[in-house]
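> Have a look at the structure that comes next, please.
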Amino acid sequence: ENGESTLETLTLNSGYWRIAATSLDIRECRKKNACVGGSNFTEGYCEDGYIGPLCDVCDKNFFYDVGSDKCLECDESTEAFKDGDADEV
């Protein structure tokens with residue numbers, strides 16, 4: 001507000017991540033589309049479907065698709081793989 005920014009309210013550009021709102025260590029993400037940036041640490045800096053350091057891990061109910069280089073949400077066609085029941089597909 002009023003041109004003032006604190007470490008906790010610092011806005012990160014898309015493609016960047018940090019471990020905590022008070023961290024000075026700001027890292028560039030390997031998967032640019034996974035890190036949304038922003039200034040709200042409690043909501044996280046990761047796009048939906050991504051979690052972890054540098055938003056580099058697919059979240060629960062998501063899988064990594066090599067062709068698109070993205071974490072995609074599981075649907076009915078991938079549900080069988082989620083519980084290790086690949087024989088049912």
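Numbering starts fresh at 1 for the residues of each chain in the structure tokens, the chains themselves are lettered A, B, ... in the order given, and ligands are numbered from 1 as they appear.
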Could you list, as number ranges by chain, every residue within 12 Å of segment 66-68 of chain A, counting only C-alpha atoms and ignoring same-chain residues fewer than 4 positions away?
A: 31, 33, 72
> Would you please extract all helix (DSSP H, G or I) residues from chain A, as assigned by DSSP on the backbone, and give them as JSON, numbers by chain?
{"A": [32, 33, 34, 41, 42, 43, 53, 54, 55, 79, 80, 81, 82, 86, 87, 88]}
> Write out as a list in words the residues lying within 12 Å of Asp65 of chain A, counting only C-alpha atoms and excluding same-chain residues fewer than 6 positions away.
Gly49, Val57, Cys58, Cys71, Leu72, Glu73, Cys74 and Thr78 of chain A
> Could you write those residues out with N, CA and C atoms, as a PDB file, in the first residue's frame?

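Written output follows (result04.pdb):
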ATOM      1  N   GLY A  49      -2.818 -28.269  -8.967  1.00  0.00           N
ATOM      2  CA  GLY A  49      -2.254 -29.511  -9.472  1.00  0.00           C
ATOM      3  C   GLY A  49      -0.785 -29.695  -9.152  1.00  0.00           C
ATOM      4  N   VAL A  57       6.158 -30.976  -7.976  1.00  0.00           N
ATOM      5  CA  VAL A  57       5.530 -32.275  -7.765  1.00  0.00           C
ATOM      6  C   VAL A  57       4.048 -32.175  -8.110  1.00  0.00           C
ATOM      7  N   CYS A  58       3.507 -33.215  -8.731  1.00  0.00           N
ATOM      8  CA  CYS A  58       2.070 -33.241  -9.005  1.00  0.00           C
ATOM      9  C   CYS A  58       1.310 -33.523  -7.711  1.00  0.00           C
ATOM     10  N   CYS A  71       1.269 -31.216 -15.047  1.00  0.00           N
ATOM     11  CA  CYS A  71       0.485 -32.074 -14.166  1.00  0.00           C
ATOM     12  C   CYS A  71      -0.973 -31.914 -14.587  1.00  0.00           C
ATOM     13  N   LEU A  72      -1.584 -33.014 -14.968  1.00  0.00           N
ATOM     14  CA  LEU A  72      -2.979 -32.991 -15.405  1.00  0.00           C
ATOM     15  C   LEU A  72      -3.846 -33.712 -14.387  1.00  0.00           C
ATOM     16  N   GLU A  73      -5.072 -33.273 -14.275  1.00  0.00           N
ATOM     17  CA  GLU A  73      -5.994 -33.881 -13.325  1.00  0.00           C
ATOM     18  C   GLU A  73      -6.419 -35.263 -13.801  1.00  0.00           C
ATOM     19  N   CYS A  74      -6.461 -36.201 -12.856  1.00  0.00           N
ATOM     20  CA  CYS A  74      -6.925 -37.546 -13.178  1.00  0.00           C
ATOM     21  C   CYS A  74      -8.402 -37.497 -13.546  1.00  0.00           C
ATOM     22  N   THR A  78      -8.007 -42.469 -15.957  1.00  0.00           N
ATOM     23  CA  THR A  78      -6.784 -42.653 -15.178  1.00  0.00           C
ATOM     24  C   THR A  78      -7.057 -43.093 -13.749  1.00  0.00           C
TER      25      THR A  78
END
> With distances taken over only C-alpha atoms, which residue among A:Tyr64, A:Arg18, A:Cys29, A:Asn13 lies nearest Gly44 of chain A?
A:Arg18
> Point out the residue among A:Leu7, A:Asp69, A:Ala21, A:Tyr16 with the least atom-to-atom distance to Thr42 of chain A, counting only C-alpha atoms.
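Smallest separation from Thr42 of chain A among the options: A:Ala21.
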> Counting only C-alpha atoms, which of A:Lys70, A:Thr6, A:Phe63, A:Pro53 gets nearest to Ile26 of chain A?
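Checking each candidate against Ile26 of chain A, we get A:Pro53 as the closest.
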> Do a neighbour search on Arg30 of chain A at 9 Å with only C-alpha atoms, toss out local chain neighbours closer than 3 positions, and write the hits as a list in words.
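With the cut-off at 9 Å, the set is Gly15, Asn33, Ala34, Leu54, Cys55 and Asp56 of chain A.
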> The selected residues should be written to file as a PDB file, in the first residue's frame (atoms: N, CA and C atoms).

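Wrote result38.pdb, looks like this:
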ATOM      1  N   GLY A  15       6.422 -17.783 -12.288  1.00  0.00           N
ATOM      2  CA  GLY A  15       7.645 -18.497 -12.605  1.00  0.00           C
ATOM      3  C   GLY A  15       8.638 -18.523 -11.464  1.00  0.00           C
ATOM      4  N   ASN A  33       5.164 -22.838 -15.818  1.00  0.00           N
ATOM      5  CA  ASN A  33       3.701 -22.805 -15.718  1.00  0.00           C
ATOM      6  C   ASN A  33       3.213 -23.295 -14.353  1.00  0.00           C
ATOM      7  N   ALA A  34       4.070 -23.927 -13.555  1.00  0.00           N
ATOM      8  CA  ALA A  34       3.667 -24.474 -12.261  1.00  0.00           C
ATOM      9  C   ALA A  34       3.646 -23.418 -11.164  1.00  0.00           C
ATOM     10  N   LEU A  54       9.480 -25.581  -5.266  1.00  0.00           N
ATOM     11  CA  LEU A  54       9.491 -25.123  -6.656  1.00  0.00           C
ATOM     12  C   LEU A  54       8.263 -25.592  -7.443  1.00  0.00           C
ATOM     13  N   CYS A  55       7.216 -26.024  -6.720  1.00  0.00           N
ATOM     14  CA  CYS A  55       5.985 -26.515  -7.357  1.00  0.00           C
ATOM     15  C   CYS A  55       6.316 -27.627  -8.346  1.00  0.00           C
ATOM     16  N   ASP A  56       7.256 -28.462  -7.975  1.00  0.00           N
ATOM     17  CA  ASP A  56       7.827 -29.436  -8.906  1.00  0.00           C
ATOM     18  C   ASP A  56       7.191 -30.821  -8.815  1.00  0.00           C
TER      19      ASP A  56
END
